[in-house]
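Encoded as structure tokens, the structure appears first; notes follow it.
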Amino acid sequence: MPPIISGFLATGSHISGAVLQIGLFVLDTLLYIPFFKLVDRQRQMLEGETLADETSEEKAFEGQSVEA
């Protein structure tokens, strides 16, 4: 059963159960955001390093000098 509806039905059709689940969902989302941002930043750094490595390899393959 969907989260908000289950909270409503589990409390005997009181709106407080649905409101509690909404509040907990918002809290959970706010707690997870910093970790998602951290992972995203790490992946962007890895992609930047990969792109730089590929560019260096292409220049070396073409016979151009590669500066590190």
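Going through the structure tokens in order, the chains are called A, B, and so on, while each chain numbers its residues from 1 and the ligands are numbered from 1 in the order shown.
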12 Å contact set for region 17-31 of chain A, only C-alpha atoms, chain neighbours under 3 positions out, as a PyMOL selection string = chain A and resi 2-14+34-37
Mind writing the picked residues with N, CA, C and O atoms as a PDB file, in the first residue's frame?
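The file below, part_7.pdb, is the result:
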ATOM      1  N   PRO A   2       0.517   2.287  -0.701  1.00  0.00           N
ATOM      2  CA  PRO A   2       1.330   3.513  -0.765  1.00  0.00           C
ATOM      3  C   PRO A   2       1.533   4.128   0.618  1.00  0.00           C
ATOM      4  O   PRO A   2       0.660   4.046   1.484  1.00  0.00           O
ATOM      5  N   PRO A   3       2.676   4.750   0.835  1.00  0.00           N
ATOM      6  CA  PRO A   3       3.037   5.241   2.163  1.00  0.00           C
ATOM      7  C   PRO A   3       2.023   6.189   2.806  1.00  0.00           C
ATOM      8  O   PRO A   3       1.650   5.990   3.949  1.00  0.00           O
ATOM      9  N   ILE A   4       1.599   7.199   2.128  1.00  0.00           N
ATOM     10  CA  ILE A   4       0.723   8.192   2.758  1.00  0.00           C
ATOM     11  C   ILE A   4      -0.640   7.588   3.093  1.00  0.00           C
ATOM     12  O   ILE A   4      -1.180   7.800   4.184  1.00  0.00           O
ATOM     13  N   ILE A   5      -1.149   6.791   2.174  1.00  0.00           N
ATOM     14  CA  ILE A   5      -2.460   6.168   2.400  1.00  0.00           C
ATOM     15  C   ILE A   5      -2.377   5.154   3.528  1.00  0.00           C
ATOM     16  O   ILE A   5      -3.295   5.050   4.354  1.00  0.00           O
ATOM     17  N   SER A   6      -1.287   4.408   3.603  1.00  0.00           N
ATOM     18  CA  SER A   6      -1.167   3.400   4.663  1.00  0.00           C
ATOM     19  C   SER A   6      -1.120   4.052   6.042  1.00  0.00           C
ATOM     20  O   SER A   6      -1.671   3.521   7.002  1.00  0.00           O
ATOM     21  N   GLY A   7      -0.482   5.209   6.145  1.00  0.00           N
ATOM     22  CA  GLY A   7      -0.461   5.920   7.424  1.00  0.00           C
ATOM     23  C   GLY A   7      -1.851   6.386   7.822  1.00  0.00           C
ATOM     24  O   GLY A   7      -2.225   6.332   8.998  1.00  0.00           O
ATOM     25  N   PHE A   8      -2.606   6.820   6.845  1.00  0.00           N
ATOM     26  CA  PHE A   8      -3.980   7.257   7.090  1.00  0.00           C
ATOM     27  C   PHE A   8      -4.842   6.083   7.561  1.00  0.00           C
ATOM     28  O   PHE A   8      -5.564   6.175   8.552  1.00  0.00           O
ATOM     29  N   LEU A   9      -4.724   4.962   6.872  1.00  0.00           N
ATOM     30  CA  LEU A   9      -5.551   3.804   7.214  1.00  0.00           C
ATOM     31  C   LEU A   9      -5.091   3.117   8.500  1.00  0.00           C
ATOM     32  O   LEU A   9      -5.910   2.598   9.260  1.00  0.00           O
ATOM     33  N   ALA A  10      -3.796   3.100   8.762  1.00  0.00           N
ATOM     34  CA  ALA A  10      -3.275   2.420   9.952  1.00  0.00           C
ATOM     35  C   ALA A  10      -3.682   3.124  11.241  1.00  0.00           C
ATOM     36  O   ALA A  10      -3.729   2.502  12.300  1.00  0.00           O
ATOM     37  N   THR A  11      -3.970   4.416  11.162  1.00  0.00           N
ATOM     38  CA  THR A  11      -4.369   5.157  12.361  1.00  0.00           C
ATOM     39  C   THR A  11      -5.881   5.270  12.488  1.00  0.00           C
ATOM     40  O   THR A  11      -6.373   6.117  13.228  1.00  0.00           O
ATOM     41  N   GLY A  12      -6.604   4.420  11.783  1.00  0.00           N
ATOM     42  CA  GLY A  12      -8.062   4.438  11.885  1.00  0.00           C
ATOM     43  C   GLY A  12      -8.669   5.635  11.167  1.00  0.00           C
ATOM     44  O   GLY A  12      -9.597   6.253  11.672  1.00  0.00           O
ATOM     45  N   SER A  13      -8.141   5.958  10.012  1.00  0.00           N
ATOM     46  CA  SER A  13      -8.614   7.072   9.176  1.00  0.00           C
ATOM     47  C   SER A  13      -8.432   8.435   9.831  1.00  0.00           C
ATOM     48  O   SER A  13      -9.242   9.345   9.634  1.00  0.00           O
ATOM     49  N   HIS A  14      -7.356   8.574  10.614  1.00  0.00           N
ATOM     50  CA  HIS A  14      -6.995   9.876  11.173  1.00  0.00           C
ATOM     51  C   HIS A  14      -5.928  10.495  10.278  1.00  0.00           C
ATOM     52  O   HIS A  14      -5.004   9.822   9.839  1.00  0.00           O
ATOM     53  N   PRO A  34      22.788  15.586   1.418  1.00  0.00           N
ATOM     54  CA  PRO A  34      24.246  15.797   1.459  1.00  0.00           C
ATOM     55  C   PRO A  34      25.046  14.608   0.920  1.00  0.00           C
ATOM     56  O   PRO A  34      26.073  14.790   0.275  1.00  0.00           O
ATOM     57  N   PHE A  35      24.567  13.402   1.151  1.00  0.00           N
ATOM     58  CA  PHE A  35      25.283  12.228   0.683  1.00  0.00           C
ATOM     59  C   PHE A  35      25.185  12.083  -0.832  1.00  0.00           C
ATOM     60  O   PHE A  35      26.142  11.696  -1.503  1.00  0.00           O
ATOM     61  N   PHE A  36      24.026  12.395  -1.400  1.00  0.00           N
ATOM     62  CA  PHE A  36      23.888  12.368  -2.850  1.00  0.00           C
ATOM     63  C   PHE A  36      24.782  13.415  -3.497  1.00  0.00           C
ATOM     64  O   PHE A  36      25.400  13.168  -4.531  1.00  0.00           O
ATOM     65  N   LYS A  37      24.875  14.581  -2.879  1.00  0.00           N
ATOM     66  CA  LYS A  37      25.743  15.629  -3.416  1.00  0.00           C
ATOM     67  C   LYS A  37      27.205  15.203  -3.355  1.00  0.00           C
ATOM     68  O   LYS A  37      27.979  15.469  -4.283  1.00  0.00           O
TER      69      LYS A  37
END
